[in-house]
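Have a look at structure_30.cif below; it lists mmCIF, C-alpha atoms.
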```cif
data_final
loop_
_atom_site.label_atom_id
_atom_site.label_comp_id
_atom_site.auth_asym_id
_atom_site.auth_seq_id
_atom_site.Cartn_x
_atom_site.Cartn_y
_atom_site.Cartn_z
CA ASP A 1 42.69 173.43 -37.97
CA THR A 2 43.94 176.60 -39.67
CA GLU A 3 42.19 176.00 -42.94
CA VAL A 4 39.86 178.09 -45.03
CA THR A 5 38.04 175.93 -47.56
CA GLN A 6 36.68 177.34 -50.79
CA THR A 7 34.40 175.57 -53.25
CA PRO A 8 34.33 175.06 -56.11
CA LYS A 9 38.00 175.23 -57.11
CA HIS A 10 37.07 176.07 -60.69
CA LEU A 11 33.91 177.55 -62.18
CA VAL A 12 32.94 178.36 -65.74
CA MET A 13 29.77 180.33 -66.25
CA GLY A 14 27.93 182.22 -68.95
CA MET A 15 26.96 185.85 -68.64
CA THR A 16 23.33 184.94 -67.94
CA ASN A 17 24.04 182.32 -65.29
CA LYS A 18 23.62 182.54 -61.54
CA LYS A 19 26.22 180.78 -59.44
CA SER A 20 27.60 180.93 -55.91
CA LEU A 21 31.05 180.64 -54.37
CA LYS A 22 31.33 179.15 -50.90
CA CYS A 23 33.88 179.68 -48.15
CA GLU A 24 34.07 177.88 -44.81
CA GLN A 25 36.31 178.17 -41.75
CA HIS A 26 36.21 176.46 -38.37
CA MET A 27 38.79 178.52 -36.53
CA GLY A 28 36.21 180.57 -34.65
CA HIS A 29 37.15 183.68 -36.62
CA ARG A 30 34.60 186.48 -36.62
CA ALA A 31 35.90 188.46 -39.60
CA MET A 32 35.70 187.13 -43.14
CA TYR A 33 36.76 188.65 -46.43
CA TRP A 34 36.33 188.33 -50.19
CA TYR A 35 39.13 189.36 -52.52
CA LYS A 36 39.42 189.37 -56.31
CA GLN A 37 42.76 188.72 -57.96
CA LYS A 38 43.52 189.13 -61.64
CA ALA A 39 46.56 187.48 -63.17
CA LYS A 40 49.89 189.00 -62.07
CA LYS A 41 48.09 191.57 -59.89
CA PRO A 42 47.75 191.80 -56.10
CA PRO A 43 44.52 190.76 -54.38
CA GLU A 44 41.86 193.49 -54.28
CA LEU A 45 39.52 193.69 -51.33
CA MET A 46 35.83 193.33 -52.21
CA PHE A 47 33.84 192.76 -49.00
CA VAL A 48 34.44 192.43 -45.28
CA TYR A 49 32.11 190.81 -42.75
CA SER A 50 32.46 191.27 -39.04
CA TYR A 51 30.30 189.19 -36.70
CA GLU A 52 28.16 188.18 -39.67
CA LYS A 53 27.43 191.78 -40.61
CA LEU A 54 28.68 193.45 -43.76
CA SER A 55 31.21 196.03 -42.63
CA ILE A 56 32.90 197.05 -45.85
CA ASN A 57 31.85 197.03 -49.49
CA GLU A 58 34.62 198.34 -51.68
CA SER A 59 32.23 199.75 -54.30
CA VAL A 60 31.75 196.34 -55.85
CA PRO A 61 29.13 196.07 -58.65
CA SER A 62 25.77 194.68 -57.59
CA ARG A 63 26.21 191.60 -59.77
CA PHE A 64 28.35 190.37 -56.85
CA SER A 65 26.24 189.73 -53.75
CA PRO A 66 27.87 188.52 -50.53
CA GLU A 67 26.13 186.61 -47.77
CA CYS A 68 27.28 185.45 -44.35
CA PRO A 69 24.68 182.95 -43.08
CA ASN A 70 26.65 182.11 -39.93
CA SER A 71 30.03 182.67 -38.33
CA SER A 72 31.66 179.82 -40.28
CA LEU A 73 30.28 180.39 -43.75
CA LEU A 74 30.68 183.08 -46.38
CA ASN A 75 29.04 183.00 -49.78
CA LEU A 76 29.45 185.13 -52.88
CA HIS A 77 26.47 185.04 -55.21
CA LEU A 78 27.19 185.81 -58.85
CA HIS A 79 24.67 186.99 -61.44
CA ALA A 80 25.01 188.46 -64.93
CA LEU A 81 28.78 188.62 -64.76
CA GLN A 82 30.97 190.03 -67.51
CA PRO A 83 34.03 188.38 -69.08
CA GLU A 84 36.24 190.93 -67.29
CA ASP A 85 35.06 189.43 -63.99
CA SER A 86 37.11 186.33 -64.74
CA ALA A 87 39.65 186.08 -61.94
CA LEU A 88 40.75 184.14 -58.86
CA TYR A 89 38.33 184.83 -56.00
CA LEU A 90 39.92 184.48 -52.59
CA CYS A 91 38.25 184.14 -49.23
CA ALA A 92 40.06 184.92 -45.99
CA SER A 93 39.28 185.04 -42.30
CA SER A 94 40.85 186.61 -39.24
CA PRO A 95 40.10 186.41 -35.51
CA ILE A 96 38.39 189.78 -35.44
CA LEU A 97 38.22 192.92 -37.52
CA ALA A 98 40.95 195.01 -35.98
CA GLY A 99 44.41 196.31 -36.50
CA GLY A 100 47.64 194.84 -35.39
CA ALA A 101 48.34 191.32 -34.40
CA LYS A 102 44.72 190.31 -34.29
CA ASN A 103 44.31 190.82 -38.00
CA ILE A 104 46.50 188.10 -39.43
CA GLN A 105 44.45 186.72 -42.29
CA TYR A 106 44.16 183.09 -43.30
CA PHE A 107 43.37 182.60 -46.97
CA GLY A 108 41.70 179.84 -48.89
CA ALA A 109 43.12 178.47 -52.14
CA GLY A 110 40.57 180.42 -54.16
CA THR A 111 38.01 179.76 -56.86
CA ARG A 112 39.20 180.22 -60.42
CA LEU A 113 36.25 181.81 -62.24
CA SER A 114 35.91 182.04 -66.00
CA VAL A 115 33.04 184.02 -67.49
CA LEU A 116 32.27 183.23 -71.11
CA LEU B 1 46.92 205.82 -45.27
CA ALA B 2 50.20 203.95 -45.23
CA LYS B 3 51.18 202.81 -48.71
CA THR B 4 54.05 200.47 -49.38
CA THR B 5 56.79 200.30 -52.00
CA GLN B 6 58.72 197.12 -52.75
CA PRO B 7 61.05 196.04 -55.55
CA ILE B 8 59.06 194.46 -58.35
CA SER B 9 61.36 191.45 -58.61
CA MET B 10 64.47 189.83 -57.14
CA ASP B 11 66.63 186.90 -58.20
CA SER B 12 68.61 184.63 -55.92
CA TYR B 13 70.30 181.25 -55.84
CA GLU B 14 69.60 178.32 -53.59
CA GLY B 15 71.29 178.55 -50.22
CA GLN B 16 71.62 182.33 -50.23
CA GLU B 17 70.03 184.73 -47.79
CA VAL B 18 67.45 187.03 -49.37
CA ASN B 19 66.47 190.41 -48.01
CA ILE B 20 63.38 192.18 -49.34
CA THR B 21 62.87 195.76 -48.22
CA CYS B 22 59.54 197.51 -48.02
CA SER B 23 59.20 201.29 -47.71
CA HIS B 24 56.26 202.73 -45.78
CA ASN B 25 57.12 206.36 -45.16
CA ASN B 26 53.80 207.42 -43.63
CA ILE B 27 53.27 204.50 -41.29
CA ALA B 28 51.02 205.40 -38.36
CA THR B 29 51.88 204.96 -34.69
CA ASN B 30 49.59 201.97 -34.22
CA ASP B 31 50.36 200.23 -37.51
CA TYR B 32 51.88 196.76 -37.63
CA ILE B 33 53.88 195.43 -40.57
CA THR B 34 52.79 192.10 -42.00
CA TRP B 35 54.31 189.96 -44.75
CA TYR B 36 52.54 187.35 -46.84
CA GLN B 37 53.84 184.84 -49.38
CA GLN B 38 51.82 183.79 -52.41
CA PHE B 39 52.42 180.93 -54.83
CA PRO B 40 50.68 180.91 -58.24
CA SER B 41 46.98 180.03 -58.07
CA GLN B 42 47.00 179.89 -54.26
CA GLY B 43 45.91 182.27 -51.56
CA PRO B 44 48.49 184.38 -49.71
CA ARG B 45 50.05 182.79 -46.64
CA PHE B 46 51.07 184.72 -43.53
CA ILE B 47 54.83 184.74 -42.96
CA ILE B 48 55.63 187.20 -40.19
CA GLN B 49 54.40 190.32 -38.44
CA GLY B 50 56.16 192.95 -36.36
CA TYR B 51 55.89 196.39 -34.83
CA LYS B 52 59.48 197.42 -34.09
CA THR B 53 63.08 196.14 -33.87
CA LYS B 54 63.38 192.49 -34.83
CA VAL B 55 61.03 189.55 -35.01
CA THR B 56 62.09 186.01 -35.87
CA ASN B 57 60.13 182.83 -36.45
CA GLU B 58 60.90 179.46 -37.97
CA VAL B 59 60.78 180.71 -41.56
CA ALA B 60 61.92 184.35 -41.58
CA SER B 61 63.13 187.40 -39.73
CA LEU B 62 61.72 190.90 -39.90
CA PHE B 63 63.93 193.90 -39.22
CA ILE B 64 62.30 197.25 -38.47
CA PRO B 65 64.47 200.34 -37.82
CA ALA B 66 63.64 202.83 -35.12
CA ASP B 67 61.86 205.27 -37.46
CA ARG B 68 59.69 202.39 -38.79
CA LYS B 69 59.63 203.95 -42.27
CA SER B 70 60.86 200.72 -43.80
CA SER B 71 61.15 197.05 -42.97
CA THR B 72 63.21 194.16 -44.30
CA LEU B 73 62.05 190.59 -44.65
CA SER B 74 64.99 188.20 -44.41
CA LEU B 75 64.74 184.65 -45.74
CA PRO B 76 67.72 182.53 -44.70
CA ARG B 77 69.14 179.94 -47.09
CA VAL B 78 66.39 180.04 -49.71
CA SER B 79 65.41 177.02 -51.73
CA LEU B 80 63.59 176.64 -55.05
CA SER B 81 60.33 176.32 -53.14
CA ASP B 82 60.69 179.90 -51.89
CA THR B 83 60.01 181.18 -55.41
CA ALA B 84 56.85 183.22 -54.88
CA VAL B 85 55.46 186.74 -54.61
CA TYR B 86 56.01 188.44 -51.26
CA TYR B 87 53.67 191.20 -50.08
CA CYS B 88 54.30 193.77 -47.40
CA LEU B 89 51.16 195.19 -45.73
CA VAL B 90 51.15 198.05 -43.30
CA GLY B 91 48.36 198.96 -40.98
CA LEU B 92 44.70 198.39 -41.18
CA LEU B 93 42.74 201.48 -42.00
CA TRP B 94 39.11 201.24 -41.12
CA GLY B 95 36.95 204.25 -41.47
CA GLY B 96 33.25 203.88 -41.90
CA SER B 97 32.51 202.39 -45.27
CA GLN B 98 35.88 203.19 -46.78
CA GLY B 99 38.32 201.08 -44.87
CA ASN B 100 41.01 199.32 -46.81
CA LEU B 101 43.36 196.44 -46.43
CA ILE B 102 45.83 197.18 -49.16
CA PHE B 103 48.04 194.69 -50.94
CA GLY B 104 50.80 196.51 -52.80
CA LYS B 105 52.31 195.16 -55.98
CA GLY B 106 54.55 192.72 -54.14
CA THR B 107 58.02 191.38 -54.91
CA LYS B 108 58.39 188.40 -57.20
CA LEU B 109 61.29 186.34 -55.88
CA SER B 110 62.87 183.84 -58.26
CA VAL B 111 65.26 181.30 -56.75
CA LYS B 112 67.55 179.53 -59.18
CA PRO B 113 69.49 176.28 -58.68
#
```
Serialized structure, structure tokens:
Amino acid sequence: DTEVTQTPKHLVMGMTNKKSLKCEQHMGHRAMYWYKQKAKKPPELMFVYSYEKLSINESVPSRFSPECPNSSLLNLHLHALQPEDSALYLCASSPILAGGAKNIQYFGAGTRLSVL
Amino acid sequence: LAKTTQPISMDSYEGQEVNITCSHNNIATNDYITWYQQFPSQGPRFIIQGYKTKVTNEVASLFIPADRKSSTLSLPRVSLSDTAVYYCLVGLLWGGSQGNLIFGKGTKLSVKP
């Protein structure tokens, strides 16, 4: 099973709402990632978890709050988002957090988020 | 920090071989070169990875010259379903709280019948 599953596939929320994105993998990977992708732009790294600990936060606003409850799950909690936060949110995992061949990432299909 | 430069777009016809070149002039000694493919509204998908010379798998080949300052992804006999954006990534820079895994702008490949 080389699949990363993201739910929901689509999400529409108001600026005062609180919602969560979920990501799950059962490949035994110990590194997990959140990316944000705007239309016709490359994915931008947001957060990296390694062995369930937050390793990298790419200066993401606090209205985005990641959580890694166990080695298979990654959540992204959303609160008081702005319309410019509308984007495709991608989750990925890799065997470990390292360079070279061990860092091939497997991506989910993403959650399409619209903030009204 | 190894940054990459790729052509913004390329056009091809079905059945042709397509070569996409990526420049990475300041690649570090330990850096690998990795290519991903992305279809609209989907996550990127790993295609191939290499360190030097040539790597081949069932979908593509990757050619890396001795100086490693560039690499070429070769897609044999493309079909319409190969229309996608192709990203070249080099290295994995981790440094305290400022590590990056950088996706460049990518190359949009359009395959025509």
Could you list the residues in chain B lying within 12 Å of chain A, using all atoms listed in the file, and format the result as an mmCIF file with C-alpha atoms, in the coordinates of the input?
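Full text of out-v3.cif as output:
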```cif
data_model
loop_
_atom_site.group_PDB
_atom_site.id
_atom_site.type_symbol
_atom_site.label_atom_id
_atom_site.label_comp_id
_atom_site.auth_asym_id
_atom_site.auth_seq_id
_atom_site.Cartn_x
_atom_site.Cartn_y
_atom_site.Cartn_z
ATOM 1 C CA ILE B 8 59.060 194.460 -58.350
ATOM 2 C CA ALA B 28 51.020 205.400 -38.360
ATOM 3 C CA THR B 29 51.880 204.960 -34.690
ATOM 4 C CA ASN B 30 49.590 201.970 -34.220
ATOM 5 C CA ASP B 31 50.360 200.230 -37.510
ATOM 6 C CA TYR B 32 51.880 196.760 -37.630
ATOM 7 C CA ILE B 33 53.880 195.430 -40.570
ATOM 8 C CA THR B 34 52.790 192.100 -42.000
ATOM 9 C CA TRP B 35 54.310 189.960 -44.750
ATOM 10 C CA TYR B 36 52.540 187.350 -46.840
ATOM 11 C CA GLN B 37 53.840 184.840 -49.380
ATOM 12 C CA GLN B 38 51.820 183.790 -52.410
ATOM 13 C CA PHE B 39 52.420 180.930 -54.830
ATOM 14 C CA PRO B 40 50.680 180.910 -58.240
ATOM 15 C CA SER B 41 46.980 180.030 -58.070
ATOM 16 C CA GLN B 42 47.000 179.890 -54.260
ATOM 17 C CA GLY B 43 45.910 182.270 -51.560
ATOM 18 C CA PRO B 44 48.490 184.380 -49.710
ATOM 19 C CA ARG B 45 50.050 182.790 -46.640
ATOM 20 C CA PHE B 46 51.070 184.720 -43.530
ATOM 21 C CA ILE B 47 54.830 184.740 -42.960
ATOM 22 C CA ILE B 48 55.630 187.200 -40.190
ATOM 23 C CA GLN B 49 54.400 190.320 -38.440
ATOM 24 C CA GLY B 50 56.160 192.950 -36.360
ATOM 25 C CA TYR B 51 55.890 196.390 -34.830
ATOM 26 C CA ALA B 84 56.850 183.220 -54.880
ATOM 27 C CA VAL B 85 55.460 186.740 -54.610
ATOM 28 C CA TYR B 86 56.010 188.440 -51.260
ATOM 29 C CA TYR B 87 53.670 191.200 -50.080
ATOM 30 C CA CYS B 88 54.300 193.770 -47.400
ATOM 31 C CA LEU B 89 51.160 195.190 -45.730
ATOM 32 C CA VAL B 90 51.150 198.050 -43.300
ATOM 33 C CA GLY B 91 48.360 198.960 -40.980
ATOM 34 C CA LEU B 92 44.700 198.390 -41.180
ATOM 35 C CA LEU B 93 42.740 201.480 -42.000
ATOM 36 C CA TRP B 94 39.110 201.240 -41.120
ATOM 37 C CA GLY B 95 36.950 204.250 -41.470
ATOM 38 C CA GLY B 96 33.250 203.880 -41.900
ATOM 39 C CA SER B 97 32.510 202.390 -45.270
ATOM 40 C CA GLN B 98 35.880 203.190 -46.780
ATOM 41 C CA GLY B 99 38.320 201.080 -44.870
ATOM 42 C CA ASN B 100 41.010 199.320 -46.810
ATOM 43 C CA LEU B 101 43.360 196.440 -46.430
ATOM 44 C CA ILE B 102 45.830 197.180 -49.160
ATOM 45 C CA PHE B 103 48.040 194.690 -50.940
ATOM 46 C CA GLY B 104 50.800 196.510 -52.800
ATOM 47 C CA LYS B 105 52.310 195.160 -55.980
ATOM 48 C CA GLY B 106 54.550 192.720 -54.140
ATOM 49 C CA THR B 107 58.020 191.380 -54.910
ATOM 50 C CA LYS B 108 58.390 188.400 -57.200
#
```
Env of Ser86 (chain A): 7 Å cut, atoms = only C-alpha atoms, seq-sep filter 5 positions within chain, self excluded. Answer as a PyMOL selection string. chain A and resi 113-115
Expanded to explicit residues, what is the PyMOL selection byres ((chain B and resi 59) around 10) for this file, as an NGL selection string? :B and (47-48 or 56-58 or 60-61 or 74-76 or 78)
For the structure provided, state which residues fall under the PyMOL selection byres ((chain A and resi 19) around 9), and present them as a VMD selection string. chain A and resid 11 13 17 to 18 20 to 21 76 to 79
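Of note, CA of Arg63 (chain A) and CA of Met32 (chain A) are spaced 19.7 Å apart.
Between CA of Pro61 (chain A) and CA of Gln82 (chain A) the interatomic distance comes to 10.9 Å.
For the structure shown here, the set of residues caught by the PyMOL selection byres ((chain A and resi 66) around 7) is Phe64, Ser65, Glu67, Cys68, Asn75, Leu76 and His77 of chain A.
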One decimal place gives the CA of Val12 (chain A)-CA of Tyr49 (chain A) separation as 26.2 Å
Test item: residues at most 7 Å from Lys69 (chain B), all atoms listed in the file, excluding those fewer than 6 positions along its chain, as a ChimeraX atom specification: /B:23-27
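Minimum atom-to-atom distance to Met15 (chain A), evaluated using all atoms listed in the file, belongs to A:Leu81 out of A:Ser94, A:Leu81, A:Leu74, A:Tyr33.
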